[in-house]
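Data block for coords25.cif (mmCIF, C-alpha atoms; chains and numbers go by the auth columns):
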```
data_model
#
loop_
_atom_site.group_PDB
_atom_site.id
_atom_site.type_symbol
_atom_site.label_atom_id
_atom_site.label_comp_id
_atom_site.label_asym_id
_atom_site.label_seq_id
_atom_site.Cartn_x
_atom_site.Cartn_y
_atom_site.Cartn_z
_atom_site.B_iso_or_equiv
_atom_site.auth_seq_id
_atom_site.auth_asym_id
ATOM 1 C CA MET A 1 -19.469 -55.115 24.427 0.00 1 A
ATOM 2 C CA PRO A 2 -18.172 -54.772 20.851 0.00 2 A
ATOM 3 C CA LYS A 3 -20.787 -55.164 18.192 0.00 3 A
ATOM 4 C CA SER A 4 -20.649 -58.360 16.136 0.00 4 A
ATOM 5 C CA LYS A 5 -20.009 -57.962 12.442 0.00 5 A
ATOM 6 C CA PRO A 6 -23.148 -58.040 10.300 0.00 6 A
ATOM 7 C CA LYS A 7 -23.271 -61.103 8.071 0.00 7 A
ATOM 8 C CA GLN A 8 -23.373 -60.706 4.296 0.00 8 A
ATOM 9 C CA GLY A 9 -26.048 -62.266 2.091 0.00 9 A
ATOM 10 C CA LYS A 10 -23.835 -65.070 0.826 0.00 10 A
ATOM 11 C CA SER A 11 -22.941 -68.066 2.949 0.00 11 A
ATOM 12 C CA ILE A 12 -19.912 -70.309 2.398 0.00 12 A
ATOM 13 C CA LEU A 13 -19.899 -74.100 2.292 0.00 13 A
ATOM 14 C CA TYR A 14 -16.390 -75.465 2.870 0.00 14 A
ATOM 15 C CA VAL A 15 -15.357 -78.650 1.053 0.00 15 A
ATOM 16 C CA LYS A 16 -11.911 -80.115 1.708 0.00 16 A
ATOM 17 C CA VAL A 17 -9.804 -81.234 -1.247 0.00 17 A
ATOM 18 C CA ALA A 18 -7.197 -83.973 -1.158 0.00 18 A
ATOM 19 C CA SER A 19 -4.077 -81.832 -1.639 0.00 19 A
ATOM 20 C CA LEU A 20 -2.634 -78.432 -2.430 0.00 20 A
ATOM 21 C CA ALA A 21 -2.004 -79.713 -5.974 0.00 21 A
ATOM 22 C CA ASP A 22 -5.756 -80.290 -6.388 0.00 22 A
ATOM 23 C CA ILE A 23 -6.477 -76.680 -5.379 0.00 23 A
ATOM 24 C CA CYS A 24 -3.876 -75.371 -7.838 0.00 24 A
ATOM 25 C CA ARG A 25 -5.050 -77.672 -10.624 0.00 25 A
ATOM 26 C CA TYR A 26 -8.582 -76.357 -10.110 0.00 26 A
ATOM 27 C CA ALA A 27 -7.493 -72.700 -10.175 0.00 27 A
ATOM 28 C CA PHE A 28 -4.933 -72.910 -12.977 0.00 28 A
ATOM 29 C CA SER A 29 -5.639 -71.569 -16.432 0.00 29 A
ATOM 30 C CA PHE A 30 -3.251 -71.437 -19.390 0.00 30 A
ATOM 31 C CA ASP A 31 -3.579 -67.665 -19.682 0.00 31 A
ATOM 32 C CA PHE A 32 -3.642 -64.920 -17.084 0.00 32 A
ATOM 33 C CA ALA A 33 -7.213 -65.758 -16.043 0.00 33 A
ATOM 34 C CA SER A 34 -6.268 -68.296 -13.357 0.00 34 A
ATOM 35 C CA LYS A 35 -8.388 -67.993 -10.248 0.00 35 A
ATOM 36 C CA SER A 36 -6.936 -66.152 -7.279 0.00 36 A
ATOM 37 C CA LEU A 37 -6.537 -68.225 -4.153 0.00 37 A
ATOM 38 C CA LEU A 38 -7.769 -66.931 -0.808 0.00 38 A
ATOM 39 C CA MET A 39 -6.494 -67.253 2.722 0.00 39 A
ATOM 40 C CA PRO A 40 -8.919 -66.269 5.507 0.00 40 A
ATOM 41 C CA ASN A 41 -7.326 -63.980 8.076 0.00 41 A
ATOM 42 C CA GLY A 42 -5.911 -65.970 10.961 0.00 42 A
ATOM 43 C CA ASP A 43 -6.620 -69.343 9.362 0.00 43 A
ATOM 44 C CA ASN A 44 -4.138 -71.641 7.634 0.00 44 A
ATOM 45 C CA LYS A 45 -6.527 -72.578 4.842 0.00 45 A
ATOM 46 C CA ILE A 46 -5.900 -71.952 1.152 0.00 46 A
ATOM 47 C CA ILE A 47 -9.219 -71.594 -0.645 0.00 47 A
ATOM 48 C CA ALA A 48 -10.492 -71.554 -4.217 0.00 48 A
ATOM 49 C CA LEU A 49 -14.052 -70.325 -4.617 0.00 49 A
ATOM 50 C CA GLY A 50 -16.281 -72.553 -6.705 0.00 50 A
ATOM 51 C CA GLU A 51 -19.905 -72.965 -7.674 0.00 51 A
ATOM 52 C CA CYS A 52 -22.685 -70.731 -6.387 0.00 52 A
ATOM 53 C CA ILE A 53 -25.775 -72.641 -5.299 0.00 53 A
ATOM 54 C CA GLY A 54 -28.530 -70.200 -4.426 0.00 54 A
ATOM 55 C CA ASP A 55 -27.108 -67.922 -1.733 0.00 55 A
ATOM 56 C CA THR A 56 -24.276 -70.347 -0.935 0.00 56 A
ATOM 57 C CA THR A 57 -20.806 -70.413 -2.479 0.00 57 A
ATOM 58 C CA ILE A 58 -18.682 -73.559 -2.309 0.00 58 A
ATOM 59 C CA ALA A 59 -15.142 -72.917 -1.041 0.00 59 A
ATOM 60 C CA TYR A 60 -12.693 -75.697 -1.857 0.00 60 A
ATOM 61 C CA TYR A 61 -9.889 -75.657 0.698 0.00 61 A
ATOM 62 C CA VAL A 62 -6.790 -77.380 1.987 0.00 62 A
ATOM 63 C CA HIS A 63 -4.855 -76.756 5.190 0.00 63 A
ATOM 64 C CA ALA A 64 -1.417 -75.317 4.421 0.00 64 A
ATOM 65 C CA GLN A 65 1.305 -73.290 6.081 0.00 65 A
ATOM 66 C CA PRO A 66 2.105 -70.673 3.439 0.00 66 A
ATOM 67 C CA GLY A 67 5.723 -69.948 2.659 0.00 67 A
ATOM 68 C CA SER A 68 4.781 -66.801 0.728 0.00 68 A
ATOM 69 C CA LYS A 69 1.796 -65.157 -0.967 0.00 69 A
ATOM 70 C CA ILE A 70 2.588 -66.726 -4.369 0.00 70 A
ATOM 71 C CA LEU A 71 2.295 -70.330 -5.536 0.00 71 A
ATOM 72 C CA HIS A 72 3.926 -71.643 -8.672 0.00 72 A
ATOM 73 C CA TYR A 73 2.065 -74.468 -10.391 0.00 73 A
ATOM 74 C CA THR A 74 3.863 -76.607 -12.966 0.00 74 A
ATOM 75 C CA PHE A 75 1.464 -78.093 -15.488 0.00 75 A
ATOM 76 C CA PRO A 76 2.367 -81.767 -16.173 0.00 76 A
ATOM 77 C CA SER A 77 3.019 -81.558 -19.900 0.00 77 A
ATOM 78 C CA SER A 78 5.256 -84.637 -20.104 0.00 78 A
ATOM 79 C CA ALA A 79 6.795 -87.479 -18.129 0.00 79 A
ATOM 80 C CA ASP A 80 9.849 -85.265 -17.634 0.00 80 A
ATOM 81 C CA ASN A 81 7.773 -82.275 -16.552 0.00 81 A
ATOM 82 C CA ARG A 82 5.533 -83.582 -13.771 0.00 82 A
ATOM 83 C CA GLU A 83 2.923 -81.646 -11.841 0.00 83 A
ATOM 84 C CA LYS A 84 4.552 -79.639 -9.058 0.00 84 A
ATOM 85 C CA VAL A 85 3.461 -76.975 -6.585 0.00 85 A
ATOM 86 C CA ALA A 86 5.881 -74.706 -4.724 0.00 86 A
ATOM 87 C CA PHE A 87 5.749 -71.380 -2.905 0.00 87 A
ATOM 88 C CA ALA A 88 7.632 -68.603 -4.693 0.00 88 A
ATOM 89 C CA GLU A 89 9.002 -65.264 -3.515 0.00 89 A
ATOM 90 C CA ARG A 90 8.275 -63.529 -6.805 0.00 90 A
ATOM 91 C CA MET A 91 6.970 -64.131 -10.308 0.00 91 A
ATOM 92 C CA ASP A 92 9.304 -64.409 -13.255 0.00 92 A
ATOM 93 C CA ASP A 93 9.040 -62.112 -16.268 0.00 93 A
ATOM 94 C CA GLN A 94 6.508 -64.304 -18.069 0.00 94 A
ATOM 95 C CA GLY A 95 4.260 -64.808 -15.037 0.00 95 A
ATOM 96 C CA ARG A 96 2.781 -68.080 -16.229 0.00 96 A
ATOM 97 C CA GLY A 97 1.739 -70.721 -13.748 0.00 97 A
ATOM 98 C CA TYR A 98 1.722 -68.337 -10.793 0.00 98 A
ATOM 99 C CA LEU A 99 -1.237 -68.110 -8.444 0.00 99 A
ATOM 100 C CA ARG A 100 -1.576 -65.262 -5.963 0.00 100 A
ATOM 101 C CA ILE A 101 -2.885 -65.860 -2.458 0.00 101 A
ATOM 102 C CA ILE A 102 -5.117 -63.029 -1.261 0.00 102 A
ATOM 103 C CA SER A 103 -5.666 -62.521 2.464 0.00 103 A
ATOM 104 C CA LEU A 104 -9.345 -61.903 3.067 0.00 104 A
ATOM 105 C CA ASP A 105 -11.610 -61.472 6.072 0.00 105 A
ATOM 106 C CA LEU A 106 -14.337 -64.071 5.548 0.00 106 A
ATOM 107 C CA SER A 107 -15.835 -63.661 9.017 0.00 107 A
ATOM 108 C CA HIS A 108 -18.498 -61.419 7.474 0.00 108 A
ATOM 109 C CA PHE A 109 -19.982 -64.447 5.717 0.00 109 A
ATOM 110 C CA THR A 110 -22.098 -67.123 7.362 0.00 110 A
ATOM 111 C CA ARG A 111 -20.645 -70.631 7.362 0.00 111 A
ATOM 112 C CA ALA A 112 -23.178 -72.967 5.734 0.00 112 A
ATOM 113 C CA ARG A 113 -23.585 -76.361 7.364 0.00 113 A
ATOM 114 C CA SER A 114 -24.865 -78.147 4.286 0.00 114 A
ATOM 115 C CA LEU A 115 -27.254 -77.953 1.368 0.00 115 A
ATOM 116 C CA GLY A 116 -30.417 -79.985 1.036 0.00 116 A
ATOM 117 C CA LYS A 117 -32.204 -81.878 -1.698 0.00 117 A
ATOM 118 C CA ASP A 118 -34.171 -78.738 -2.508 0.00 118 A
ATOM 119 C CA ASP A 119 -30.919 -76.931 -3.334 0.00 119 A
ATOM 120 C CA VAL A 120 -29.154 -79.505 -5.531 0.00 120 A
ATOM 121 C CA SER A 121 -30.585 -82.194 -7.803 0.00 121 A
ATOM 122 C CA LEU A 122 -28.632 -85.458 -8.035 0.00 122 A
ATOM 123 C CA VAL A 123 -28.787 -87.293 -11.357 0.00 123 A
ATOM 124 C CA GLU A 124 -26.906 -90.508 -12.104 0.00 124 A
ATOM 125 C CA ILE A 125 -25.134 -91.097 -15.396 0.00 125 A
ATOM 126 C CA ARG A 126 -24.768 -94.853 -15.390 0.00 126 A
ATOM 127 C CA LEU A 127 -21.557 -95.076 -17.433 0.00 127 A
ATOM 128 C CA PRO A 128 -18.601 -92.887 -16.393 0.00 128 A
ATOM 129 C CA GLU A 129 -17.433 -92.731 -20.002 0.00 129 A
ATOM 130 C CA ASP A 130 -20.732 -91.022 -20.851 0.00 130 A
ATOM 131 C CA MET A 131 -20.071 -88.558 -18.023 0.00 131 A
ATOM 132 C CA MET A 132 -16.703 -87.870 -19.614 0.00 132 A
ATOM 133 C CA ALA A 133 -18.293 -87.337 -23.046 0.00 133 A
ATOM 134 C CA ALA A 134 -20.767 -84.840 -21.558 0.00 134 A
ATOM 135 C CA ALA A 135 -17.943 -82.977 -19.806 0.00 135 A
ATOM 136 C CA ILE A 136 -15.924 -82.775 -23.022 0.00 136 A
ATOM 137 C CA LYS A 137 -18.870 -81.386 -24.995 0.00 137 A
ATOM 138 C CA LYS A 138 -19.462 -78.751 -22.297 0.00 138 A
ATOM 139 C CA ALA A 139 -15.784 -77.789 -22.353 0.00 139 A
ATOM 140 C CA ILE A 140 -15.873 -77.345 -26.141 0.00 140 A
ATOM 141 C CA ARG A 141 -19.000 -75.182 -25.909 0.00 141 A
ATOM 142 C CA GLU A 142 -17.471 -72.987 -23.219 0.00 142 A
ATOM 143 C CA GLU A 143 -13.938 -73.078 -24.674 0.00 143 A
ATOM 144 C CA ASN A 144 -12.292 -73.989 -21.387 0.00 144 A
ATOM 145 C CA PHE A 145 -10.417 -76.842 -19.731 0.00 145 A
ATOM 146 C CA MET A 146 -13.209 -78.833 -18.108 0.00 146 A
ATOM 147 C CA HIS A 147 -12.946 -80.262 -14.612 0.00 147 A
ATOM 148 C CA LEU A 148 -14.801 -82.988 -12.735 0.00 148 A
ATOM 149 C CA TYR A 149 -14.701 -83.969 -9.078 0.00 149 A
ATOM 150 C CA SER A 150 -13.805 -87.360 -7.626 0.00 150 A
ATOM 151 C CA PHE A 151 -14.348 -88.618 -4.086 0.00 151 A
ATOM 152 C CA GLU A 152 -15.138 -91.701 -2.048 0.00 152 A
ATOM 153 C CA TYR A 153 -18.560 -92.220 -0.547 0.00 153 A
ATOM 154 C CA GLY A 154 -19.254 -95.411 1.336 0.00 154 A
ATOM 155 C CA GLU A 155 -17.337 -98.213 -0.350 0.00 155 A
ATOM 156 C CA LYS A 156 -17.316 -96.613 -3.808 0.00 156 A
ATOM 157 C CA ARG A 157 -15.486 -93.876 -5.657 0.00 157 A
ATOM 158 C CA TYR A 158 -17.556 -91.394 -7.652 0.00 158 A
ATOM 159 C CA LEU A 159 -16.959 -89.000 -10.516 0.00 159 A
ATOM 160 C CA CYS A 160 -19.240 -85.983 -10.756 0.00 160 A
ATOM 161 C CA GLY A 161 -19.785 -82.583 -12.332 0.00 161 A
ATOM 162 C CA PHE A 162 -22.252 -79.715 -12.117 0.00 162 A
ATOM 163 C CA ASP A 163 -24.752 -78.731 -14.838 0.00 163 A
ATOM 164 C CA LEU A 164 -23.275 -80.757 -17.686 0.00 164 A
ATOM 165 C CA PHE A 165 -26.356 -80.322 -19.886 0.00 165 A
ATOM 166 C CA ASP A 166 -27.315 -76.700 -20.560 0.00 166 A
ATOM 167 C CA GLU A 167 -30.682 -77.750 -21.975 0.00 167 A
ATOM 168 C CA LEU A 168 -31.666 -79.281 -18.610 0.00 168 A
ATOM 169 C CA ALA A 169 -30.356 -76.456 -16.430 0.00 169 A
ATOM 170 C CA ASP A 170 -32.710 -74.384 -14.310 0.00 170 A
ATOM 171 C CA ASP A 171 -32.481 -72.264 -11.160 0.00 171 A
ATOM 172 C CA ARG A 172 -31.428 -75.286 -9.125 0.00 172 A
ATOM 173 C CA LYS A 173 -27.939 -76.769 -9.586 0.00 173 A
ATOM 174 C CA THR A 174 -27.722 -80.344 -10.847 0.00 174 A
ATOM 175 C CA LEU A 175 -24.861 -82.627 -9.838 0.00 175 A
ATOM 176 C CA TYR A 176 -24.384 -85.475 -12.307 0.00 176 A
ATOM 177 C CA TYR A 177 -22.516 -88.472 -10.948 0.00 177 A
ATOM 178 C CA SER A 178 -21.194 -91.890 -11.935 0.00 178 A
ATOM 179 C CA VAL A 179 -19.724 -94.763 -9.966 0.00 179 A
ATOM 180 C CA LEU A 180 -16.120 -95.465 -10.929 0.00 180 A
ATOM 181 C CA GLY A 181 -14.656 -98.929 -11.239 0.00 181 A
ATOM 182 C CA SER A 182 -11.259 -97.453 -10.352 0.00 182 A
ATOM 183 C CA ARG A 183 -9.904 -96.021 -7.100 0.00 183 A
ATOM 184 C CA SER A 184 -7.573 -93.726 -9.032 0.00 184 A
ATOM 185 C CA THR A 185 -6.669 -90.333 -7.557 0.00 185 A
ATOM 186 C CA ALA A 186 -4.841 -89.150 -10.694 0.00 186 A
ATOM 187 C CA GLY A 187 -5.140 -85.485 -11.573 0.00 187 A
ATOM 188 C CA PHE A 188 -6.424 -85.927 -15.129 0.00 188 A
ATOM 189 C CA ALA A 189 -8.522 -88.202 -17.288 0.00 189 A
ATOM 190 C CA ARG A 190 -7.866 -88.646 -20.991 0.00 190 A
ATOM 191 C CA TYR A 191 -10.808 -89.357 -23.265 0.00 191 A
ATOM 192 C CA LYS A 192 -10.759 -91.014 -26.674 0.00 192 A
ATOM 193 C CA TYR A 193 -13.687 -89.611 -28.615 0.00 193 A
ATOM 194 C CA LEU A 194 -13.960 -92.241 -31.357 0.00 194 A
ATOM 195 C CA ASP A 195 -14.075 -95.136 -28.877 0.00 195 A
ATOM 196 C CA ASN A 196 -15.946 -93.332 -26.066 0.00 196 A
ATOM 197 C CA THR A 197 -13.306 -94.615 -23.622 0.00 197 A
ATOM 198 C CA PHE A 198 -11.115 -92.949 -21.022 0.00 198 A
ATOM 199 C CA ASP A 199 -8.445 -93.683 -18.474 0.00 199 A
ATOM 200 C CA PHE A 200 -6.684 -91.728 -15.745 0.00 200 A
ATOM 201 C CA THR A 201 -3.272 -90.139 -16.078 0.00 201 A
ATOM 202 C CA ASP A 202 -0.880 -87.797 -14.292 0.00 202 A
ATOM 203 C CA THR A 203 0.482 -86.184 -17.461 0.00 203 A
ATOM 204 C CA VAL A 204 -1.094 -84.349 -20.401 0.00 204 A
ATOM 205 C CA GLU A 205 1.115 -85.213 -23.360 0.00 205 A
ATOM 206 C CA GLU A 206 -0.702 -87.412 -25.897 0.00 206 A
ATOM 207 C CA HIS A 207 -2.347 -85.200 -28.522 0.00 207 A
ATOM 208 C CA SER A 208 -4.694 -87.957 -29.706 0.00 208 A
ATOM 209 C CA TYR A 209 -6.732 -87.586 -26.472 0.00 209 A
ATOM 210 C CA ILE A 210 -8.955 -84.897 -24.987 0.00 210 A
ATOM 211 C CA TYR A 211 -8.197 -84.172 -21.329 0.00 211 A
ATOM 212 C CA VAL A 212 -10.298 -83.299 -18.292 0.00 212 A
ATOM 213 C CA LYS A 213 -8.968 -82.113 -14.938 0.00 213 A
ATOM 214 C CA ILE A 214 -9.921 -84.312 -11.994 0.00 214 A
ATOM 215 C CA ILE A 215 -10.209 -82.493 -8.669 0.00 215 A
ATOM 216 C CA ASN A 216 -9.920 -85.046 -5.898 0.00 216 A
ATOM 217 C CA LEU A 217 -11.892 -84.232 -2.776 0.00 217 A
ATOM 218 C CA ALA A 218 -10.901 -85.423 0.693 0.00 218 A
ATOM 219 C CA GLU A 219 -14.588 -85.746 1.545 0.00 219 A
ATOM 220 C CA PRO A 220 -17.834 -86.034 -0.404 0.00 220 A
ATOM 221 C CA PHE A 221 -20.128 -83.073 -0.839 0.00 221 A
ATOM 222 C CA GLN A 222 -22.310 -82.863 2.277 0.00 222 A
ATOM 223 C CA PHE A 223 -25.425 -82.897 0.122 0.00 223 A
ATOM 224 C CA PHE A 224 -24.345 -86.014 -1.806 0.00 224 A
ATOM 225 C CA LYS A 225 -26.840 -88.736 -0.909 0.00 225 A
ATOM 226 C CA PRO A 226 -27.236 -91.025 -3.947 0.00 226 A
ATOM 227 C CA ALA A 227 -30.308 -93.190 -4.260 0.00 227 A
#
```

Spit out the file's structure as structure tokens when you get a sec.
Amino acid sequence: MPKSKPKQGKSILYVKVASLADICRYAFSFDFASKSLLMPNGDNKIIALGECIGDTTIAYYVHAQPGSKILHYTFPSSADNREKVAFAERMDDQGRGYLRIISLDLSHFTRARSLGKDDVSLVEIRLPEDMMAAAIKKAIREENFMHLYSFEYGEKRYLCGFDLFDELADDRKTLYYSVLGSRSTAGFARYKYLDNTFDFTDTVEEHSYIYVKIINLAEPFQFFKPA
């Protein structure tokens, strides 16, 4: 009998996102540092690797039939330039907005079933606008375009983000969450700093706001069990 492949130290926890646009929005960066997307050999999943929690890595995925090994993501900079995702045969000379899909054998890695309360702390932020303020401050500190996750659990929709407060971070990941009053699945939220208010939007065009990417999940995190 052929020997089975030895498993690597890391395990992978798969979390399904709502659409291919959500995967691309998550991976996209305005420079050439956009995340590469992965496609496991023999599996029609497109994956973006996310947070590491102990020995487990979260893999955000969507089922897709690839038309090529390159995706072109159009950032929604105006009402006339909406968010779009399309497979491309090649990159243009500038190479902006393109995401490569790398075929990879992930069978060497154990598939994690879930994570427990000992792996992730859940902390509620009562007001979602305060969650947004914390995300914005983290983005400014790290000089990046911040993202938060949104999903439905039970009869409610939640907004959440990992390790928003550096001063409270330790070896265990913390997922901060808020209950939303909206069922919006928009791809962005725009925050008004002076008023501590935000709303959801599908375009990033008003310079008087600060924006956060919203990555919509098709399912909640398996370890998400709010009090």

Each residue of range 62-166 of chain A with at least one atom at most 9 Å from range 203-217 of chain A should appear once, together with its nearest atom pair and the corresponding distance in Å (one decimal); atoms considered: only C-alpha atoms; ordering: chain, then increasing residue number; output as a Markdown table.
```
| residue | atom | partner | partner_atom | distance |
| --- | --- | --- | --- | --- |
| A:Phe75 | CA | A:Val204 | CA | 8.4 |
| A:Pro76 | CA | A:Thr203 | CA | 5.0 |
| A:Ser77 | CA | A:Val204 | CA | 5.0 |
| A:Ser78 | CA | A:Glu205 | CA | 5.3 |
| A:Ala79 | CA | A:Thr203 | CA | 6.5 |
| A:Asn81 | CA | A:Thr203 | CA | 8.3 |
| A:Arg82 | CA | A:Thr203 | CA | 6.8 |
| A:Glu83 | CA | A:Thr203 | CA | 7.6 |
| A:Met132 | CA | A:Val212 | CA | 8.0 |
| A:Ala135 | CA | A:Val212 | CA | 7.8 |
| A:Ile136 | CA | A:Val212 | CA | 7.4 |
| A:Ala139 | CA | A:Val212 | CA | 8.8 |
| A:Phe145 | CA | A:Val212 | CA | 6.6 |
| A:Met146 | CA | A:Val212 | CA | 5.3 |
| A:His147 | CA | A:Lys213 | CA | 4.4 |
| A:Leu148 | CA | A:Ile214 | CA | 5.1 |
| A:Tyr149 | CA | A:Ile215 | CA | 4.7 |
| A:Ser150 | CA | A:Asn216 | CA | 4.8 |
| A:Phe151 | CA | A:Leu217 | CA | 5.2 |
| A:Glu152 | CA | A:Leu217 | CA | 8.2 |
| A:Leu159 | CA | A:Ile214 | CA | 8.6 |
```

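Restricting the calculation to all atoms listed in the file, the smallest distance between Glu129 in chain A and any of A:Gly9, A:Pro226, A:Gly50, A:Gly181 is found for A:Gly181.
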
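Residues matched by the PyMOL selection byres ((chain A and resi 195) around 12) in this file: Glu129, Asp130, Ala133, Arg190, Tyr191, Lys192, Tyr193, Leu194, Asn196, Thr197, Phe198, Asp199, Ser208 and Tyr209 of chain A.
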
Export of the given selection (C-alpha atoms) as a compact mmCIF listing (two decimals), keeping the file's coordinate frame:
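again-v9.txt, written as the output of this step:
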```
# COMPACT_ATOMS: atom_id res chain seq x y z
CA GLU A 129 -17.43 -92.73 -20.00
CA ASP A 130 -20.73 -91.02 -20.85
CA ALA A 133 -18.29 -87.34 -23.05
CA ARG A 190 -7.87 -88.65 -20.99
CA TYR A 191 -10.81 -89.36 -23.26
CA LYS A 192 -10.76 -91.01 -26.67
CA TYR A 193 -13.69 -89.61 -28.62
CA LEU A 194 -13.96 -92.24 -31.36
CA ASN A 196 -15.95 -93.33 -26.07
CA THR A 197 -13.31 -94.62 -23.62
CA PHE A 198 -11.12 -92.95 -21.02
CA ASP A 199 -8.44 -93.68 -18.47
CA SER A 208 -4.69 -87.96 -29.71
CA TYR A 209 -6.73 -87.59 -26.47
```

### Task
Could you jot down the CA of Ser121 in chain A to CA of Val17 in chain A separation for me, Å, one decimal place?
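If I compute the distance from CA of Ser121 in chain A to CA of Val17 in chain A, I get 21.8 Å.
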
Can you list, as a PDB file with C-alpha atoms, keeping the file's coordinate frame, every protein, DNA or RNA residue that comes within 12 Å of Tyr73 in chain A when you count all atoms listed in the file, leaving out same-chain residues fewer than 6 positions away?
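Written output follows (result.pdb):
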```pdb
ATOM      1  CA  LEU A  20      -2.634 -78.432  -2.430  1.00  0.00           C
ATOM      2  CA  ALA A  21      -2.004 -79.713  -5.974  1.00  0.00           C
ATOM      3  CA  ASP A  22      -5.756 -80.290  -6.388  1.00  0.00           C
ATOM      4  CA  ILE A  23      -6.477 -76.680  -5.379  1.00  0.00           C
ATOM      5  CA  CYS A  24      -3.876 -75.371  -7.838  1.00  0.00           C
ATOM      6  CA  ARG A  25      -5.050 -77.672 -10.624  1.00  0.00           C
ATOM      7  CA  TYR A  26      -8.582 -76.357 -10.110  1.00  0.00           C
ATOM      8  CA  ALA A  27      -7.493 -72.700 -10.175  1.00  0.00           C
ATOM      9  CA  PHE A  28      -4.933 -72.910 -12.977  1.00  0.00           C
ATOM     10  CA  SER A  29      -5.639 -71.569 -16.432  1.00  0.00           C
ATOM     11  CA  PHE A  30      -3.251 -71.437 -19.390  1.00  0.00           C
ATOM     12  CA  SER A  34      -6.268 -68.296 -13.357  1.00  0.00           C
ATOM     13  CA  ASN A  81       7.773 -82.275 -16.552  1.00  0.00           C
ATOM     14  CA  ARG A  82       5.533 -83.582 -13.771  1.00  0.00           C
ATOM     15  CA  GLU A  83       2.923 -81.646 -11.841  1.00  0.00           C
ATOM     16  CA  LYS A  84       4.552 -79.639  -9.058  1.00  0.00           C
ATOM     17  CA  VAL A  85       3.461 -76.975  -6.585  1.00  0.00           C
ATOM     18  CA  ALA A  86       5.881 -74.706  -4.724  1.00  0.00           C
ATOM     19  CA  PHE A  87       5.749 -71.380  -2.905  1.00  0.00           C
ATOM     20  CA  ALA A  88       7.632 -68.603  -4.693  1.00  0.00           C
ATOM     21  CA  MET A  91       6.970 -64.131 -10.308  1.00  0.00           C
ATOM     22  CA  GLY A  95       4.260 -64.808 -15.037  1.00  0.00           C
ATOM     23  CA  ARG A  96       2.781 -68.080 -16.229  1.00  0.00           C
ATOM     24  CA  GLY A  97       1.739 -70.721 -13.748  1.00  0.00           C
ATOM     25  CA  TYR A  98       1.722 -68.337 -10.793  1.00  0.00           C
ATOM     26  CA  LEU A  99      -1.237 -68.110  -8.444  1.00  0.00           C
ATOM     27  CA  ARG A 100      -1.576 -65.262  -5.963  1.00  0.00           C
TER      28      ARG A 100
END
```
